[in-house]
Amino acid sequence: MKNNNSSSSNHINNLDSRFNQTLRNVQELLKGRSFPGKVSLTRRSDPLDSSSFQERCPDDERSFSDNDIGPSDRIDKSIEEQDQGSGKPNNSATTNKLKSSKPNTENTPKEVLKCTMGARATDSARVMKFTKELSGPTVILETLREISWSGIPPYMRPNIWRLLLQGYAPPNSDRREGVLKRKRLEYHDCVSQYYDIPDTDRSDDEINMLRQISVDCPRTVPDVSFFQEKQVQKSLERILYTWAIRHPASGYVQGINDLVTPFLVVFLSEYLEGSMDNWSITDLSPEKISNVEADCYWCLSKLLDGMQDHYTFAQPGIQRLVFKLKELVRRIDEPVSKHMEEQGLEFLQFAFRWFNCLLIREIPFHLVTRLWDTYLAEGDALPDFLVYIFASFLLTYLGTANMSRAVPVVWSDKLQKLDFQELVMFLQHLPTHNWTHQELEMVLSRAYMWHTMFNSSPSHLAS
């Protein structure tokens with residue numbers, strides 16, 4: 001018996017060792033900001049040529065904001081305190097950007113300094129990649145998806161999102177302005193035709209649908225004050241009602257209201273500066289508000305075109321993905337899966353909302369746009385990749401007991417100690433309120449790793 005236990009223990013340790021090594025390889029890959037799956041998971045052996053970064057384009061002066069950098073780019077706070085030299089502020093009319101400053105290296109350990117400078121060089125290289133790709137006469141969407149997967153600079157995000165949602169902004173730069181103008185006018189006409197009419201011209205079903213939307217809009221992202229503005233809720237209402245009328249196969253389904261919010265924030269960032277806490281949509285002209293609404297409407301339409309059966313009657317697409325999630329978790333962490341089954345907990349009881357709202361209600365809102373960079377970069381493959389993201393989300397937590405670096409901790413042990421009632425409460429109120437981009441990047445890296453391991457085996461999710 002002891003030999004069997006010892007053998008089992010060795011097997012588990014070997015699996016853990018392989019898992020952790022693969023995870024480290026993935027994190028090393030993300031440090032280089034390469035698109036997952038396009039290069040082998042190996043460390044770079046040749047020294048990085050810094051000469052390629054000597055000539056910087058103007059856009060390079062604007063780095064990622066502190067809220068938009070991942071774990072490989074985040075600088076330790078102790079280094080940040082030393083890194084406060086005079087710099088030239090950026091006047092871009094988007095989110096706040098970091099100042100470009102000269103580091104104080106006198107008391108900085110060489111190893112830490114090298115890591116810090118490497119992260120900044122990587123940022124500079126990535127910005128140049130985006131700038132180069134967007135400056136050509138025709139954007140190569142596959143290339144844009146590759147470099148967008150690991151995060152998009154905030155000030156570039158509106159234009160890139162329009163391009164990634166293929167079919168809205170065309171890749172050809174000569175046609176882009178004309179197409180956007182035509183699409184925005186079309187949305188304006190739809191609002192006039194369907195929304196700006198008296199209730200006497202609506203059917204009973206349309207009246208009920210509009211009433212439900214008007215009830216849901218004030219509940220949308222309730223912890224963000226910006227979404228409590230009456231005009232913001234009116235914009236949400238117009239977008240959702242117009243979309244529902246023009247998509248009668250599904251109509252309005254609760255949860256779609258959450259899906260509009262990332263688009264609204266990103267496209268408003270072209271016109272409103274600073275923190276979203278200080279935004280007011282009343283500062284914008286009716287024309288700009290209409291353009292923002294149009295962009296949200298068309299991008300929402302393109303997003304949901306790839307997952308239509310998620311919101312039709314009985315939402316079969318979501319049910320199918322929840323089943324796949326259950327099977328994947330069973331293969332990754334059988335003890336957790338078995339405990340949930342013994343307690344009578346069905347994955348639909350907690351994961352349905354994850355798929356319905358794409359995790360918007362589960363993580364802090366300031367992380368949502370970064371998560372959606374990856375969503376939109378996945379394109380048509382997004383629904384299947386969601387299974388891996390949500391499995392990683394369920395089984396991963398990144399603690400920060402060690403303040404100098406993130407320490408990976410899984411929820412697995414905790415889940416196995418909870419009874420049915422406690423499981424439901426825990427999974428519906430996961431402790432993510434203090435999450436930063438480090439935790440999110442860990443979730444995404446594990447999702448990519450499991451996708452790489454399992455996706456080439458077609459029967460891995462079959463019972």
# chains A, B, ... in the order shown; residues from 1 in each chain; ligands from 1
call {"tool": "select_by_dssp", "arguments": {"residues": "range 273-337 of chain A", "states": "helix (DSSP H, G or I)", "output": "PyMOL selection string"}}
result
chain A and resi 276-278+281-283+286-305+308-310+316-332+334-337
call {"tool": "closest_residue", "arguments": {"among": "A:His339, A:Arg145, A:Arg353, A:Arg446", "to": "Phe130 in chain A", "atoms": "only C-alpha atoms"}}
result
A:Arg145
call {"tool": "atom_distance", "arguments": {"atom1": "CA of Thr369 in chain A", "atom2": "CA of Leu210 in chain A"}}
result
27.5 Å
call {"tool": "residues_around", "arguments": {"residues": "Lys181 in chain A", "least_positions_apart": "5", "cutoff": "12 Å", "atoms": "only C-alpha atoms", "output": "list in words"}}
result
Tyr168, Ala169, Arg175, Arg176, Glu186, Tyr187, His188, Glu287, Ser290, Asn291, Val292, Ala294 and Asp295 of chain A
call {"tool": "write_last_selection", "arguments": {"atoms": "N, CA and C atoms", "output": "mmCIF file, in the first residue's frame"}}
result
data_model
loop_
_atom_site.group_PDB
_atom_site.id
_atom_site.type_symbol
_atom_site.label_atom_id
_atom_site.label_comp_id
_atom_site.auth_asym_id
_atom_site.auth_seq_id
_atom_site.Cartn_x
_atom_site.Cartn_y
_atom_site.Cartn_z
ATOM 1 N N TYR A 168 -16.842 45.701 -39.971
ATOM 2 C CA TYR A 168 -17.234 47.065 -39.620
ATOM 3 C C TYR A 168 -16.260 48.041 -40.286
ATOM 4 N N ALA A 169 -15.119 48.295 -39.691
ATOM 5 C CA ALA A 169 -14.121 49.145 -40.341
ATOM 6 C C ALA A 169 -13.320 48.298 -41.319
ATOM 7 N N ARG A 175 -10.900 53.292 -47.898
ATOM 8 C CA ARG A 175 -12.345 53.110 -47.793
ATOM 9 C C ARG A 175 -12.872 53.336 -46.384
ATOM 10 N N ARG A 176 -11.992 53.342 -45.389
ATOM 11 C CA ARG A 176 -12.405 53.255 -43.989
ATOM 12 C C ARG A 176 -13.299 54.420 -43.566
ATOM 13 N N GLU A 186 -26.502 55.035 -41.079
ATOM 14 C CA GLU A 186 -27.480 53.944 -41.073
ATOM 15 C C GLU A 186 -28.006 53.696 -39.664
ATOM 16 N N TYR A 187 -27.121 53.718 -38.674
ATOM 17 C CA TYR A 187 -27.566 53.559 -37.288
ATOM 18 C C TYR A 187 -28.498 54.693 -36.891
ATOM 19 N N HIS A 188 -28.145 55.930 -37.257
ATOM 20 C CA HIS A 188 -28.979 57.083 -36.928
ATOM 21 C C HIS A 188 -30.375 56.922 -37.525
ATOM 22 N N GLU A 287 -23.830 64.836 -31.967
ATOM 23 C CA GLU A 287 -23.233 64.124 -33.102
ATOM 24 C C GLU A 287 -22.192 63.112 -32.631
ATOM 25 N N SER A 290 -23.890 60.204 -30.953
ATOM 26 C CA SER A 290 -24.481 59.323 -31.966
ATOM 27 C C SER A 290 -23.424 58.458 -32.640
ATOM 28 N N ASN A 291 -22.245 59.028 -32.908
ATOM 29 C CA ASN A 291 -21.160 58.249 -33.520
ATOM 30 C C ASN A 291 -20.675 57.145 -32.592
ATOM 31 N N VAL A 292 -20.546 57.467 -31.301
ATOM 32 C CA VAL A 292 -20.127 56.464 -30.321
ATOM 33 C C VAL A 292 -21.168 55.344 -30.251
ATOM 34 N N ALA A 294 -23.232 54.433 -32.546
ATOM 35 C CA ALA A 294 -23.182 53.661 -33.795
ATOM 36 C C ALA A 294 -22.036 52.658 -33.768
ATOM 37 N N ASP A 295 -20.866 53.098 -33.300
ATOM 38 C CA ASP A 295 -19.730 52.174 -33.202
ATOM 39 C C ASP A 295 -20.057 51.013 -32.259
#
call {"tool": "atom_distance", "arguments": {"atom1": "CA of Tyr311 in chain A", "atom2": "CA of Lys324 in chain A"}}
result
17.8 Å
call {"tool": "closest_residue", "arguments": {"among": "A:Tyr195, A:Phe350, A:Phe393, A:Trp243", "to": "Glu439 in chain A", "atoms": "only C-alpha atoms"}}
result
A:Phe393
call {"tool": "closest_residue", "arguments": {"among": "A:Phe355, A:Trp298, A:Tyr271, A:Phe454", "to": "Leu180 in chain A", "atoms": "only C-alpha atoms"}}
result
A:Trp298
call {"tool": "closest_residue", "arguments": {"among": "A:Ile152, A:Val179, A:Ala314, A:Ile245", "to": "Ser203 in chain A", "atoms": "only C-alpha atoms"}}
result
A:Ile245
call {"tool": "residues_around", "arguments": {"residues": "Phe263 in chain A", "least_positions_apart": "5", "cutoff": "10 Å", "atoms": "only C-alpha atoms", "output": "ChimeraX atom specification"}}
result
/A:158,161-162,258,268-269,292-293,295-300,369,372
call {"tool": "write_last_selection", "arguments": {"atoms": "N, CA and C atoms", "output": "PDB file, in the first residue's frame"}}
result
ATOM      1  N   PRO A 158      -9.538  52.020 -29.747  1.00  0.00           N
ATOM      2  CA  PRO A 158     -10.762  52.229 -30.537  1.00  0.00           C
ATOM      3  C   PRO A 158     -10.605  51.842 -32.005  1.00  0.00           C
ATOM      4  N   TRP A 161     -10.055  47.925 -32.350  1.00  0.00           N
ATOM      5  CA  TRP A 161     -11.273  47.137 -32.123  1.00  0.00           C
ATOM      6  C   TRP A 161     -12.202  47.192 -33.335  1.00  0.00           C
ATOM      7  N   ARG A 162     -12.333  48.364 -33.948  1.00  0.00           N
ATOM      8  CA  ARG A 162     -13.190  48.460 -35.138  1.00  0.00           C
ATOM      9  C   ARG A 162     -12.677  47.559 -36.250  1.00  0.00           C
ATOM     10  N   ASP A 258     -24.653  44.057 -20.615  1.00  0.00           N
ATOM     11  CA  ASP A 258     -23.273  44.091 -20.126  1.00  0.00           C
ATOM     12  C   ASP A 258     -22.273  44.127 -21.280  1.00  0.00           C
ATOM     13  N   LEU A 268     -15.816  56.014 -26.215  1.00  0.00           N
ATOM     14  CA  LEU A 268     -15.890  57.318 -25.558  1.00  0.00           C
ATOM     15  C   LEU A 268     -14.503  57.853 -25.220  1.00  0.00           C
ATOM     16  N   SER A 269     -13.530  56.948 -25.040  1.00  0.00           N
ATOM     17  CA  SER A 269     -12.180  57.385 -24.678  1.00  0.00           C
ATOM     18  C   SER A 269     -11.517  58.205 -25.781  1.00  0.00           C
ATOM     19  N   VAL A 292     -20.546  57.467 -31.301  1.00  0.00           N
ATOM     20  CA  VAL A 292     -20.127  56.464 -30.321  1.00  0.00           C
ATOM     21  C   VAL A 292     -21.168  55.344 -30.251  1.00  0.00           C
ATOM     22  N   GLU A 293     -22.445  55.710 -30.192  1.00  0.00           N
ATOM     23  CA  GLU A 293     -23.503  54.703 -30.148  1.00  0.00           C
ATOM     24  C   GLU A 293     -23.466  53.812 -31.391  1.00  0.00           C
ATOM     25  N   ASP A 295     -20.866  53.098 -33.300  1.00  0.00           N
ATOM     26  CA  ASP A 295     -19.730  52.174 -33.202  1.00  0.00           C
ATOM     27  C   ASP A 295     -20.057  51.013 -32.259  1.00  0.00           C
ATOM     28  N   CYS A 296     -20.691  51.328 -31.131  1.00  0.00           N
ATOM     29  CA  CYS A 296     -21.080  50.276 -30.180  1.00  0.00           C
ATOM     30  C   CYS A 296     -22.077  49.309 -30.813  1.00  0.00           C
ATOM     31  N   TYR A 297     -23.050  49.855 -31.507  1.00  0.00           N
ATOM     32  CA  TYR A 297     -24.085  49.024 -32.127  1.00  0.00           C
ATOM     33  C   TYR A 297     -23.478  48.053 -33.139  1.00  0.00           C
ATOM     34  N   TRP A 298     -22.658  48.574 -34.039  1.00  0.00           N
ATOM     35  CA  TRP A 298     -22.110  47.717 -35.091  1.00  0.00           C
ATOM     36  C   TRP A 298     -21.102  46.715 -34.535  1.00  0.00           C
ATOM     37  N   CYS A 299     -20.304  47.127 -33.563  1.00  0.00           N
ATOM     38  CA  CYS A 299     -19.331  46.189 -32.974  1.00  0.00           C
ATOM     39  C   CYS A 299     -20.045  45.100 -32.168  1.00  0.00           C
ATOM     40  N   LEU A 300     -21.102  45.470 -31.442  1.00  0.00           N
ATOM     41  CA  LEU A 300     -21.899  44.460 -30.746  1.00  0.00           C
ATOM     42  C   LEU A 300     -22.490  43.472 -31.741  1.00  0.00           C
ATOM     43  N   THR A 369     -11.455  45.756 -20.468  1.00  0.00           N
ATOM     44  CA  THR A 369     -11.000  46.078 -21.824  1.00  0.00           C
ATOM     45  C   THR A 369      -9.755  45.277 -22.192  1.00  0.00           C
ATOM     46  N   TRP A 372     -10.890  41.920 -23.140  1.00  0.00           N
ATOM     47  CA  TRP A 372     -11.564  41.936 -24.448  1.00  0.00           C
ATOM     48  C   TRP A 372     -10.590  42.117 -25.607  1.00  0.00           C
TER      49      TRP A 372
END
call {"tool": "atom_distance", "arguments": {"atom1": "CA of Ile363 in chain A", "atom2": "CA of Thr432 in chain A"}}
result
5.8 Å
call {"tool": "closest_residue", "arguments": {"among": "A:Phe365, A:Trp279, A:Tyr194, A:Phe347", "to": "Thr242 in chain A", "atoms": "only C-alpha atoms"}}
result
A:Tyr194
